[in-house]
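Trainee: One structure, as structure tokens, below. Some questions next.
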Amino acid sequence: MKLHQHAAAAAAKEDKRSSTDLELDALRSQNLAMRQELDLLRDAFERIPHGMCAFDSNDTLVLANAHYRKIWNLPPEVVRPGVTFRQIMDATPGRESIASLERPQPLAGSEGMRWREWQLEDGRIVEIAVSRLADGSCVALHEDVTDQRKAQERISFMARHDLLTGLPNRGVLREELERGLAATCCGGTVALLCLDLDRFKPVNDTFGHGAGDALLKQVAERLRGCAGETDIVARVGGDEFAVVQRDAVQPQSSDHLARRIIDVLTRPFDLDGHVVHIGTSVGIAVVPGDGEDSETLLRQGDLALYRAKSDGRGQMRYFEASMNEGSVAVSRCS
């Protein structure tokens, strides 16, 4: 009987040990799985293509990933857990943009998002999306958007400028005319000078389109030099240019500018060792008097330019009502 009881007790003890071992094995497996999951999370956190950091309710840094450290290039001791937000800000280069400072912030003690923009001394721009919880803790994503902004600016520039000369295009020209026309109700003036180069085609035919492009660039530079600070010089297309002159005494100011342009473009151009001579004809329309909208003003300027070219090279002509009558007669005969 005693032997049987002893065997039963030993078996129970063995079963208990086996059960404990099984529980320990299960815990070890769970711990291993948790460590592996944590390692995966750490790896993913470090690989996020944005800078990321988190602060607790006391504004103390909890974590920051590698991209965050790379964006700001801060000393290691400044981005370790436990450092305060103020310590990080004191070491952060650059400044927050004015537009960003004017954006609304979440009320204290409330949850919300805030977008900030930071401008660094090296010209980079960093956008920051801060998500703050009601307890005061927050998570922030940081992105260097410098290349993105440059691409956007380039696209915007291309949509509004001539790619060869860098001058504003016809669309911008119309906008400036409309803006000037709107100001005439308060006493403002607008003069539109339409230009067409003389003897440009022979340059293209003789030296090639590359030389023609180089010539157009030089023409654009000379026109910029002739124009005043508030004047708009545009390339309309081909070898046609235009200048919008606003809030100047008319017709004296446009007369002076047209004569200066004719004189400057008559001077020789150097195209890779080849000296060429061109010139220009100028047609001028003035507001008030020659039109009440941009389309009419452009048409009147073109008619004046047509008359200038008909009268000989290197000429300037102001629009006259009789030019409209002549254009109607021509269209009826054609």
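Ordered as shown in the structure tokens, chains take letters A, B, and onward, while each chain numbers its residues from 1 and ligands are numbered from 1 in the order shown.
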Would you kindly return, as a PyMOL selection string, each protein, DNA or RNA residue with an atom no farther than 12 Å from any atom of range 319-322 of chain A, considering only C-alpha atoms and excluding same-chain residues fewer than 3 positions away?
Mentor: chain A and resi 191-194+251+282-287+289-291+296-308+316+325-329
Trainee: DSSP on the backbone: which residues in range 237-320 of chain A end up as alpha helix (DSSP H)? Give the answer as a PyMOL selection string.
Mentor: chain A and resi 252-266+294-310
Trainee: Filtering to N, CA and C atoms, could you give me those residues as a short mmCIF file (atom, residue, chain, number, x, y, z; two decimals), in the first residue's frame?
Mentor:
```cif
data_model
loop_
_atom_site.label_atom_id
_atom_site.label_comp_id
_atom_site.auth_asym_id
_atom_site.auth_seq_id
_atom_site.Cartn_x
_atom_site.Cartn_y
_atom_site.Cartn_z
N GLN A 252 4.63 109.94 -73.94
CA GLN A 252 6.07 110.23 -73.89
C GLN A 252 6.90 109.03 -73.46
N SER A 253 6.43 108.30 -72.43
CA SER A 253 7.23 107.19 -71.90
C SER A 253 7.34 106.05 -72.90
N SER A 254 6.24 105.70 -73.56
CA SER A 254 6.28 104.61 -74.54
C SER A 254 7.09 105.02 -75.77
N ASP A 255 7.02 106.30 -76.13
CA ASP A 255 7.83 106.79 -77.26
C ASP A 255 9.32 106.64 -76.95
N HIS A 256 9.70 107.05 -75.73
CA HIS A 256 11.11 106.96 -75.31
C HIS A 256 11.57 105.50 -75.28
N LEU A 257 10.72 104.61 -74.72
CA LEU A 257 11.08 103.20 -74.62
C LEU A 257 11.20 102.56 -75.99
N ALA A 258 10.27 102.85 -76.89
CA ALA A 258 10.31 102.26 -78.23
C ALA A 258 11.57 102.69 -78.98
N ARG A 259 11.93 103.96 -78.87
CA ARG A 259 13.14 104.44 -79.56
C ARG A 259 14.39 103.79 -78.98
N ARG A 260 14.40 103.62 -77.67
CA ARG A 260 15.56 102.97 -77.03
C ARG A 260 15.67 101.52 -77.49
N ILE A 261 14.55 100.81 -77.55
CA ILE A 261 14.56 99.40 -77.98
C ILE A 261 15.06 99.30 -79.42
N ILE A 262 14.57 100.15 -80.29
CA ILE A 262 15.00 100.13 -81.70
C ILE A 262 16.50 100.37 -81.80
N ASP A 263 16.99 101.33 -81.02
CA ASP A 263 18.42 101.64 -81.05
C ASP A 263 19.26 100.47 -80.53
N VAL A 264 18.84 99.86 -79.43
CA VAL A 264 19.61 98.78 -78.81
C VAL A 264 19.63 97.53 -79.69
N LEU A 265 18.49 97.21 -80.32
CA LEU A 265 18.45 96.00 -81.15
C LEU A 265 19.06 96.21 -82.52
N THR A 266 19.37 97.43 -82.88
CA THR A 266 20.07 97.69 -84.14
C THR A 266 21.57 97.43 -84.01
N SER A 294 -7.95 93.21 -72.96
CA SER A 294 -6.64 92.77 -73.44
C SER A 294 -6.67 92.34 -74.90
N GLU A 295 -7.75 91.67 -75.32
CA GLU A 295 -7.84 91.21 -76.70
C GLU A 295 -7.81 92.39 -77.66
N THR A 296 -8.59 93.42 -77.35
CA THR A 296 -8.63 94.60 -78.22
C THR A 296 -7.27 95.28 -78.26
N LEU A 297 -6.66 95.40 -77.09
CA LEU A 297 -5.37 96.08 -77.02
C LEU A 297 -4.30 95.32 -77.80
N LEU A 298 -4.30 94.00 -77.70
CA LEU A 298 -3.35 93.19 -78.47
C LEU A 298 -3.59 93.33 -79.98
N ARG A 299 -4.85 93.37 -80.35
CA ARG A 299 -5.16 93.53 -81.77
C ARG A 299 -4.71 94.91 -82.29
N GLN A 300 -4.97 95.94 -81.49
CA GLN A 300 -4.56 97.28 -81.92
C GLN A 300 -3.04 97.41 -81.99
N GLY A 301 -2.36 96.78 -81.02
CA GLY A 301 -0.90 96.79 -81.05
C GLY A 301 -0.34 96.08 -82.27
N ASP A 302 -0.98 94.95 -82.64
CA ASP A 302 -0.55 94.21 -83.84
C ASP A 302 -0.77 95.03 -85.11
N LEU A 303 -1.89 95.75 -85.16
CA LEU A 303 -2.17 96.59 -86.34
C LEU A 303 -1.14 97.71 -86.46
N ALA A 304 -0.78 98.29 -85.31
CA ALA A 304 0.25 99.34 -85.33
C ALA A 304 1.59 98.76 -85.75
N LEU A 305 1.90 97.53 -85.31
CA LEU A 305 3.14 96.87 -85.70
C LEU A 305 3.15 96.59 -87.20
N TYR A 306 2.02 96.13 -87.73
CA TYR A 306 1.92 95.87 -89.16
C TYR A 306 2.19 97.14 -89.97
N ARG A 307 1.65 98.27 -89.51
CA ARG A 307 1.90 99.53 -90.19
C ARG A 307 3.38 99.92 -90.12
N ALA A 308 4.00 99.71 -88.95
CA ALA A 308 5.41 100.05 -88.79
C ALA A 308 6.27 99.23 -89.74
N LYS A 309 5.98 97.96 -89.89
CA LYS A 309 6.76 97.10 -90.79
C LYS A 309 6.51 97.48 -92.25
N SER A 310 5.28 97.89 -92.54
CA SER A 310 4.97 98.29 -93.91
C SER A 310 5.69 99.57 -94.29
#
```
Trainee: If you take only C-alpha atoms and a cut-off of 8 Å, which residues of range 52-100 of chain A touch range 142-159 of chain A, and what are their nearest atom pairs and distances in Å to one decimal, in chain and number order, as JSON lines?
Mentor:
```
{"residue": "A:Met52", "atom": "CA", "partner": "A:His142", "partner_atom": "CA", "distance": 6.1}
{"residue": "A:Tyr68", "atom": "CA", "partner": "A:His142", "partner_atom": "CA", "distance": 6.8}
{"residue": "A:Ile71", "atom": "CA", "partner": "A:Asp144", "partner_atom": "CA", "distance": 7.0}
```
Trainee: If you measure from CA of Arg174 in chain A to CA of Gly212 in chain A, what distance in Å do you get, rounded to one decimal?
Mentor: 26.1 Å
Trainee: Here is a test: counting only C-alpha atoms, which residue of A:Phe241, A:His161, A:Arg114, A:Thr280 is nearest to Arg267 in chain A?
Mentor: A:Thr280
Trainee: Find the residues around Glu175 in chain A up to 12 Å (only C-alpha atoms counted), leave out those fewer than 6 positions away in its own chain, and share them as a PyMOL selection string.
Mentor: chain A and resi 160+168-169+181-182+232+234+244+293-295
Trainee: State, in Å with one decimal place, the distance from CA of Arg116 in chain A to CA of Pro75 in chain A.
Mentor: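 About the pair CA of Arg116 in chain A and CA of Pro75 in chain A: they are 22.4 Å apart.
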Trainee: Rank nothing, just name the residue among A:Thr165, A:Asp90, A:Asp198, A:Val275 nearest to Arg224 in chain A, using only C-alpha atoms.
Mentor: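 Using only C-alpha atoms, Arg224 in chain A sits closest to A:Thr165.
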Trainee: Which residues are close to Glu77 in chain A, i.e. within 12 Å by only C-alpha atoms, leaving aside same-chain residues fewer than 5 positions away? Reply as a PyMOL selection string.
Mentor: chain A and resi 61+69+82-84+87-88+91
Trainee: Nearest residue to Pro81 in chain A out of A:Tyr318, A:Phe55, A:Phe269, A:Trp115, using only C-alpha atoms?
Mentor: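 So, comparing all the options, the nearest one is A:Phe55.
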Trainee: So how far away is CA of Arg80 in chain A from CA of Ala129 in chain A, in Å?
Mentor: 20.7 Å
Trainee: I need the residues of range 148-221 of chain A that end up classed as strand (DSSP E or B) by DSSP on the backbone, written out as a list in words.
Mentor: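 Everything in range 148-221 of chain A that counts as strand (DSSP E or B) is His161, Pro168, Val190, Ala191, Leu192, Leu193, Cys194, Leu195, Asp196, Leu197 and Asp198 of chain A.
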Trainee: Can you pull out the residues contacting Phe207 in chain A? Cut-off 10 Å, using only C-alpha atoms, and skip same-chain residues under 4 positions away; I want them as a short mmCIF file (atom, residue, chain, number, x, y, z; two decimals) with N, CA and C atoms, in the first residue's frame.
Mentor:
```
data_model
loop_
_atom_site.label_atom_id
_atom_site.label_comp_id
_atom_site.auth_asym_id
_atom_site.auth_seq_id
_atom_site.Cartn_x
_atom_site.Cartn_y
_atom_site.Cartn_z
N PRO A 202 16.86 85.37 -92.05
CA PRO A 202 18.15 85.09 -92.68
C PRO A 202 19.20 84.54 -91.71
N VAL A 203 19.14 84.97 -90.44
CA VAL A 203 20.08 84.45 -89.44
C VAL A 203 19.83 82.96 -89.22
N ALA A 211 21.85 79.00 -83.67
CA ALA A 211 22.25 80.40 -83.68
C ALA A 211 21.03 81.30 -83.50
N GLY A 212 19.91 80.90 -84.12
CA GLY A 212 18.68 81.67 -83.96
C GLY A 212 18.22 81.71 -82.52
N LEU A 271 27.34 86.02 -82.47
CA LEU A 271 26.87 84.64 -82.36
C LEU A 271 28.03 83.69 -82.61
N HIS A 274 30.35 85.05 -85.07
CA HIS A 274 29.70 85.62 -86.26
C HIS A 274 28.95 86.88 -85.84
#
```
Trainee: For Val130 in chain A, which residue among A:Ser97, A:Thr184, A:Gln105, A:Thr20 is the nearest when counting only C-alpha atoms?
Mentor: A:Gln105
Trainee: Skipping near chain neighbours, those fewer than 4 positions away, what residues fall within 9 Å of Ser131 in chain A using only C-alpha atoms, listed as an MDAnalysis selection string?
Mentor: chainID A and resid 111:115 137:141
